[in-house]
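Q: Data file run.txt (compact mmCIF, C-alpha atoms) is appended below.
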```txt
# COMPACT_ATOMS: atom_id res chain seq x y z
CA PRO A 1 -56.32 4.25 -185.60
CA ALA A 2 -53.77 1.54 -185.75
CA GLY A 3 -51.28 1.44 -182.89
CA ARG A 4 -53.43 3.55 -180.42
CA ARG A 5 -54.66 1.83 -177.25
CA ARG A 6 -58.36 2.01 -176.38
CA PRO A 7 -59.32 3.69 -173.04
CA PRO A 8 -60.10 1.29 -170.21
CA VAL A 9 -63.76 0.56 -169.50
CA PRO A 10 -64.82 1.19 -165.85
CA SER A 11 -65.41 -1.97 -163.98
CA GLN A 12 -68.84 -2.87 -162.60
CA PRO A 13 -67.80 -2.57 -158.90
CA ARG A 14 -66.54 0.95 -159.50
CA GLN A 15 -69.87 2.02 -161.00
CA SER A 16 -71.74 0.51 -158.06
CA LEU A 17 -69.63 2.44 -155.57
CA LEU A 18 -70.28 5.67 -157.43
CA ALA A 19 -74.02 5.04 -157.45
CA LEU A 20 -73.97 4.20 -153.76
CA ALA A 21 -72.11 7.43 -152.99
CA LEU A 22 -74.72 9.42 -154.91
CA VAL A 23 -77.54 7.73 -153.00
CA LEU A 24 -75.85 8.38 -149.66
CA CYS A 25 -75.51 12.06 -150.53
CA PHE A 26 -79.10 12.22 -151.71
CA ILE A 27 -80.63 10.73 -148.55
CA PRO A 28 -79.52 13.50 -146.11
CA GLY A 29 -80.75 16.13 -148.53
CA MET A 30 -84.14 14.48 -148.77
CA ALA A 31 -84.24 14.12 -144.98
CA LEU A 32 -83.59 17.83 -144.55
CA LEU A 33 -86.26 18.66 -147.12
CA VAL A 34 -88.84 16.45 -145.40
CA ALA A 35 -87.91 17.88 -141.99
CA GLY A 36 -88.37 21.39 -143.34
CA ILE A 37 -91.77 20.53 -144.80
CA VAL A 38 -92.90 18.94 -141.52
CA SER A 39 -91.64 21.92 -139.51
CA GLN A 40 -93.43 24.40 -141.77
CA ALA A 41 -96.62 22.36 -141.58
CA SER A 42 -96.37 22.35 -137.78
CA VAL A 43 -95.98 26.14 -137.75
CA ASP A 44 -98.96 26.52 -140.10
CA ILE A 45 -101.09 24.31 -137.84
CA ARG A 46 -100.14 26.32 -134.73
CA MET A 47 -100.88 29.60 -136.52
CA ALA A 48 -104.25 28.27 -137.67
CA GLN A 49 -105.06 27.20 -134.11
CA LEU A 50 -104.00 30.61 -132.82
CA HIS A 51 -106.20 32.45 -135.32
CA ALA A 52 -109.11 30.16 -134.49
CA SER A 53 -108.63 30.84 -130.76
CA ARG A 54 -108.48 34.57 -131.36
CA ALA A 55 -111.69 34.44 -133.36
CA ARG A 56 -113.45 32.50 -130.58
CA VAL A 57 -112.18 34.94 -127.95
CA ALA A 58 -113.29 37.95 -130.01
CA ALA A 59 -116.76 36.47 -130.52
CA ALA A 60 -117.23 35.52 -126.86
CA GLY A 61 -115.68 38.74 -125.59
CA ASP A 62 -117.69 41.01 -127.86
CA GLY A 63 -120.88 39.17 -126.96
CA ALA A 64 -120.21 39.48 -123.23
CA ILE A 65 -119.42 43.19 -123.58
CA GLN A 66 -122.67 43.77 -125.48
CA LEU A 67 -124.64 41.94 -122.76
CA PHE A 68 -122.84 43.95 -120.11
CA MET A 69 -123.62 47.26 -121.80
CA ALA A 70 -127.27 46.21 -122.10
CA ASP A 71 -127.32 45.57 -118.34
CA VAL A 72 -125.75 48.98 -117.78
CA VAL A 73 -128.53 50.65 -119.77
CA VAL A 74 -131.21 48.66 -117.94
CA ARG A 75 -129.82 49.67 -114.55
CA ALA A 76 -129.53 53.30 -115.63
CA ALA A 77 -133.22 53.18 -116.53
CA GLY A 78 -134.09 51.84 -113.08
CA GLY A 79 -134.41 48.17 -114.01
CA GLY A 80 -132.77 45.17 -112.41
CA SER A 81 -130.06 42.81 -113.62
CA ASP A 82 -128.51 39.58 -112.43
CA ALA A 83 -125.07 40.42 -113.80
CA GLY A 84 -124.02 42.70 -110.94
CA THR A 85 -122.90 45.87 -112.72
CA ASP A 86 -123.03 48.26 -109.76
CA ASP A 87 -119.26 48.00 -109.27
CA GLY A 88 -118.41 48.18 -112.97
CA SER A 89 -118.07 44.42 -113.51
CA GLY A 90 -120.14 41.41 -114.52
CA ARG A 91 -119.90 37.72 -115.43
CA TYR A 92 -121.53 35.96 -118.36
CA ARG A 93 -121.73 32.47 -119.81
CA LEU A 94 -121.50 32.28 -123.60
CA GLY A 95 -121.53 28.73 -124.90
CA GLU A 96 -118.70 26.94 -123.12
CA HIS A 97 -116.96 30.14 -122.04
CA ASP A 98 -117.23 31.99 -118.72
CA VAL A 99 -116.44 35.62 -119.42
CA ALA A 100 -115.70 38.31 -116.83
CA VAL A 101 -116.28 41.89 -117.99
CA THR A 102 -114.84 44.98 -116.31
CA LEU A 103 -115.64 48.58 -117.19
CA VAL A 104 -113.04 51.26 -116.44
CA PRO A 105 -113.67 55.00 -116.99
CA ALA A 106 -111.18 56.27 -119.54
CA ARG A 107 -110.72 59.42 -117.48
CA GLY A 108 -109.41 57.28 -114.65
CA LEU A 109 -106.40 56.28 -116.76
CA VAL A 110 -103.16 58.19 -117.32
CA ASP A 111 -103.62 60.70 -120.14
CA ILE A 112 -100.37 60.47 -122.10
CA ASN A 113 -101.13 63.81 -123.78
CA THR A 114 -101.25 65.82 -120.54
CA ALA A 115 -99.44 63.71 -117.90
CA SER A 116 -96.53 65.40 -116.16
CA ALA A 117 -92.95 64.14 -116.39
CA ASP A 118 -93.19 62.79 -112.82
CA VAL A 119 -96.33 60.81 -113.60
CA LEU A 120 -94.85 59.46 -116.82
CA ALA A 121 -91.62 58.47 -115.05
CA ALA A 122 -93.63 56.62 -112.39
CA LEU A 123 -95.69 54.96 -115.13
CA PHE A 124 -92.63 53.68 -117.00
CA GLU A 125 -90.99 52.50 -113.79
CA LEU A 126 -93.95 50.78 -112.09
CA ALA A 127 -95.90 49.51 -115.08
CA GLY A 128 -93.17 49.29 -117.70
CA GLY A 129 -90.45 47.87 -115.45
CA ALA A 130 -87.84 50.43 -116.53
CA PRO A 131 -85.03 51.40 -114.10
CA PRO A 132 -85.56 54.83 -112.50
CA GLY A 133 -82.97 56.57 -114.66
CA ASP A 134 -84.35 55.07 -117.88
CA ALA A 135 -87.92 55.86 -116.79
CA ARG A 136 -87.04 59.53 -116.33
CA TYR A 137 -85.26 59.59 -119.70
CA LEU A 138 -88.32 58.11 -121.44
CA ALA A 139 -90.65 60.56 -119.67
CA ASP A 140 -88.54 63.47 -120.90
CA ASN A 141 -88.65 62.03 -124.43
CA VAL A 142 -92.45 61.93 -124.30
CA ILE A 143 -92.60 65.53 -123.09
CA ASN A 144 -90.20 66.63 -125.83
CA TRP A 145 -92.16 64.72 -128.49
CA ARG A 146 -95.45 66.44 -127.69
CA THR A 147 -93.98 69.93 -127.00
CA PRO A 148 -93.73 72.38 -129.94
CA LYS A 149 -90.30 73.65 -130.79
CA THR A 150 -90.27 77.00 -132.56
CA SER A 151 -87.75 78.92 -134.59
CA ARG A 152 -87.92 82.43 -135.98
CA LEU A 153 -89.59 81.22 -139.15
CA LYS A 154 -91.86 78.36 -138.18
CA THR A 155 -92.79 75.72 -135.69
CA ILE A 156 -90.58 72.68 -136.17
CA ARG A 157 -90.64 69.10 -134.93
CA GLY A 158 -92.67 68.49 -131.79
CA GLY A 159 -96.11 69.43 -130.60
CA ALA A 160 -97.57 66.17 -131.84
CA LYS A 161 -100.59 64.52 -130.28
CA PHE A 162 -101.00 60.92 -129.19
CA SER A 163 -104.11 59.88 -131.11
CA GLU A 164 -103.75 56.22 -130.12
CA ILE A 165 -101.86 54.42 -127.38
CA GLU A 166 -99.63 52.83 -130.04
CA ASP A 167 -98.30 56.29 -130.93
CA LEU A 168 -95.97 55.88 -127.95
CA LEU A 169 -93.85 53.68 -130.25
CA ARG A 170 -92.93 56.84 -132.15
CA VAL A 171 -91.09 58.16 -129.10
CA GLU A 172 -87.37 57.40 -128.96
CA GLY A 173 -86.56 54.59 -126.54
CA ILE A 174 -90.07 53.12 -126.28
CA GLY A 175 -90.46 49.63 -127.75
CA ARG A 176 -93.16 47.01 -127.95
CA THR A 177 -92.28 45.42 -124.60
CA LEU A 178 -92.58 48.71 -122.72
CA LEU A 179 -95.82 49.58 -124.55
CA ASP A 180 -97.36 46.25 -123.56
CA GLY A 181 -96.35 46.93 -119.97
CA VAL A 182 -98.09 50.32 -119.73
CA ARG A 183 -101.06 49.58 -122.02
CA ASP A 184 -103.45 48.79 -119.14
CA TYR A 185 -102.73 52.12 -117.43
CA VAL A 186 -103.03 54.72 -120.20
CA ALA A 187 -105.47 56.36 -122.58
CA ALA A 188 -105.10 58.89 -125.35
CA ASP A 189 -106.88 61.57 -127.37
CA ASN A 190 -110.65 61.96 -126.92
CA ALA A 191 -110.92 59.07 -124.45
CA VAL A 192 -109.60 61.32 -121.68
CA GLN A 193 -110.98 64.75 -122.46
CA GLY A 194 -109.88 67.13 -119.74
CA GLY A 195 -107.03 64.96 -118.50
CA THR A 196 -106.90 62.26 -115.85
CA ASP A 197 -109.53 62.30 -113.10
CA TRP A 198 -107.68 60.53 -110.30
CA SER A 199 -110.86 60.08 -108.27
CA LEU A 200 -111.97 57.57 -110.94
CA ALA A 201 -108.65 55.76 -111.17
CA PRO A 202 -108.49 52.06 -110.23
CA PRO A 203 -105.99 51.06 -107.49
CA ALA A 204 -103.24 50.03 -109.95
CA VAL A 205 -103.31 53.47 -111.59
CA LEU A 206 -103.49 55.24 -108.21
CA ALA A 207 -100.18 53.58 -107.34
CA ILE A 208 -98.60 55.70 -110.07
CA LEU A 209 -100.01 58.86 -108.51
CA GLU A 210 -98.79 57.72 -105.09
CA LYS A 211 -95.23 57.43 -106.40
CA SER A 212 -95.26 60.66 -108.39
CA ASP A 213 -97.25 62.99 -106.11
CA ARG A 214 -97.78 61.72 -102.58
CA ARG A 215 -99.70 64.80 -101.42
CA LYS A 216 -102.20 64.62 -104.26
CA TYR A 217 -102.58 60.88 -103.73
CA GLU A 218 -103.47 61.39 -100.06
CA ALA A 219 -106.00 64.07 -101.01
CA VAL A 220 -107.69 61.74 -103.49
CA THR A 221 -107.84 58.80 -101.09
CA ARG A 222 -109.20 61.01 -98.30
CA ARG A 223 -112.15 61.99 -100.46
CA GLY A 224 -113.00 58.30 -100.69
CA VAL A 225 -114.46 58.38 -104.18
CA ARG A 226 -112.23 55.83 -105.86
CA LEU A 227 -113.78 53.49 -108.39
CA ALA A 228 -113.03 50.40 -106.28
CA GLY A 229 -114.77 51.80 -103.20
CA ASN A 230 -117.64 53.89 -104.52
CA PRO A 231 -120.24 52.15 -106.72
CA GLU A 232 -122.01 55.44 -107.43
CA ALA A 233 -118.82 56.97 -108.84
CA ALA A 234 -118.12 53.78 -110.80
CA ARG A 235 -121.57 53.63 -112.44
CA PRO A 236 -121.34 54.56 -116.14
CA THR A 237 -122.95 57.84 -117.18
CA SER A 238 -124.33 59.07 -120.47
CA GLY A 239 -121.72 60.42 -122.87
CA GLY A 240 -118.83 58.87 -120.95
CA ILE A 241 -116.03 56.86 -122.56
CA TYR A 242 -115.09 53.55 -120.98
CA ARG A 243 -112.66 50.70 -121.53
CA ALA A 244 -114.41 47.34 -121.45
CA ASP A 245 -112.21 44.30 -120.80
CA ALA A 246 -113.61 40.80 -121.38
CA VAL A 247 -111.41 38.10 -119.79
CA LEU A 248 -111.75 34.37 -120.39
CA ARG A 249 -109.75 31.14 -120.36
CA LEU A 250 -109.20 29.17 -123.54
CA GLY A 251 -106.65 26.47 -124.33
CA GLY A 252 -104.95 26.83 -120.97
CA ARG A 253 -104.32 30.54 -121.52
CA THR A 254 -105.95 33.74 -120.28
CA TRP A 255 -107.22 36.03 -123.04
CA VAL A 256 -108.40 39.65 -122.93
CA ARG A 257 -110.71 41.19 -125.50
CA ARG A 258 -110.68 44.97 -125.10
CA ARG A 259 -113.08 47.52 -126.55
CA TRP A 260 -113.51 51.25 -125.96
CA VAL A 261 -117.18 52.13 -125.59
CA VAL A 262 -118.94 55.49 -125.73
CA LEU A 263 -122.31 55.73 -123.96
CA GLU A 264 -124.09 57.51 -126.77
CA SER A 265 -126.01 56.33 -129.80
CA SER A 266 -124.70 56.50 -133.34
CA SER A 267 -126.52 57.20 -136.60
CA ASP A 268 -126.11 53.62 -137.89
CA SER A 269 -127.33 51.80 -134.78
CA LEU A 270 -130.34 51.78 -132.46
CA LEU A 271 -128.18 50.84 -129.47
CA PRO A 272 -127.56 53.62 -126.91
CA TRP A 273 -123.81 52.98 -127.05
CA ARG A 274 -121.15 52.65 -129.72
CA VAL A 275 -117.72 51.03 -129.91
CA SER A 276 -115.01 53.49 -130.89
CA ARG A 277 -112.07 51.07 -130.89
CA SER A 278 -111.37 47.34 -130.57
CA GLU A 279 -108.00 45.83 -129.65
CA ALA A 280 -106.85 42.42 -130.80
```
Just dump the structure as structure tokens.

A:
Amino acid sequence: PAGRRRPPVPSQPRQSLLALALVLCFIPGMALLVAGIVSQASVDIRMAQLHASRARVAAAGDGAIQLFMADVVVRAAGGGSDAGTDDGSGRYRLGEHDVAVTLVPARGLVDINTASADVLAALFELAGGAPPGDARYLADNVINWRTPKTSRLKTIRGGAKFSEIEDLLRVEGIGRTLLDGVRDYVAADNAVQGGTDWSLAPPAVLAILEKSDRRKYEAVTRRGVRLAGNPEAARPTSGGIYRADAVLRLGGRTWVRRRWVVLESSSDSLLPWRVSRSEA
């Protein structure tokens, strides 16, 4: 319309500055995006390497345990073996891996379904690293968890059974760190039928008995039938349940492949033993 001034047109330098500002804002965003992609790719690579290592350890460990159990059967039948299984251990070479296998009677471990409060407190203190007061508190929690509580009408919470070692995580106050600390010392459910047989306990487990019941510890050591000092007592027997640990080095780290083995045949295998449980 006549008499109205036209709006000013932005100058070329002003447009260039605006474009430059947009580019400068865009570059850090792209840098963060690229850094995130690289970081995620690095994590994916490490996870893939970890899974590959675990698969190699499982294969080598399972193979060594099978060879070890075959040697056990041969020795039980009166044959010979070069693996040296009289003391419950053996060494094997599978591909590029040297694997050491150790067999521990399940009954020589702490039965978390029948262990006393004193034994449990010593277990949590020595193996789990808990302070004495906390260890006693956790032991009482375990006892309370597995003890039935009754009312006039019905049995209420409690009286549960530890079917697996991981069931300890259901007890108040016990976390993953503590479980990992005591895992090598305990067994549960059918693995320890009849409770712990301290005469079969390895030295590390006997230390728990020594702390919780000195008199019983001295009686066991006087009999001189510990696993570490009596090959005859350590030799696997038919129908027994054992924990087989295969240890090897891979990628600068020490790995353990653990399986629970029963010395009896199963309907789907011709082998005179069966694996009841495998741990990652």

Q: Counting only C-alpha atoms, figure out which residue out of A:Asp118, A:Asp184, A:Glu172, A:Asp167 gets nearest to A:Asn144.

A: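 For A:Asn144, the nearest of the candidates is A:Glu172.
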
Q: At a cut-off of 9 Å, using all atoms listed in the file, what residues contact A:Asp245? Leave out same-chain residues fewer than 3 positions from it and give the result as a list in words.

A: Gly61, Ile65, Ala100, Val101, Thr102, Leu103, Val104, Val256, Arg257, Arg258, Arg259 and Trp260 of chain A

Q: Could you tell me how far atom CA of A:Leu123 sits from atom CA of A:Leu209, in Å to one decimal place?

A: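 One can read the atom CA of A:Leu209 to atom CA of A:Leu123 distance as 8.8 Å.
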
Q: Could you give me, as a VMD selection string, the residues within 12 Å of A:Ile165, counting all atoms listed in the file and dropping anything in the same chain fewer than 3 positions from it?

A: chain A and resid 109 to 113 161 to 162 168 to 171 174 176 178 to 192 277 279

Q: Just to confirm, what's the straight-line distance from atom CA of A:Val220 to atom CA of A:Ser199 in Å (one decimal)?

A: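 Separation between atom CA of A:Val220 and atom CA of A:Ser199: 6.0 Å.
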
Q: What is the distance, in Å and to one decimal place, between atom CA of A:Ser89 and atom CA of A:Arg75?

A: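 Here the two named atoms are 12.9 Å from each other.
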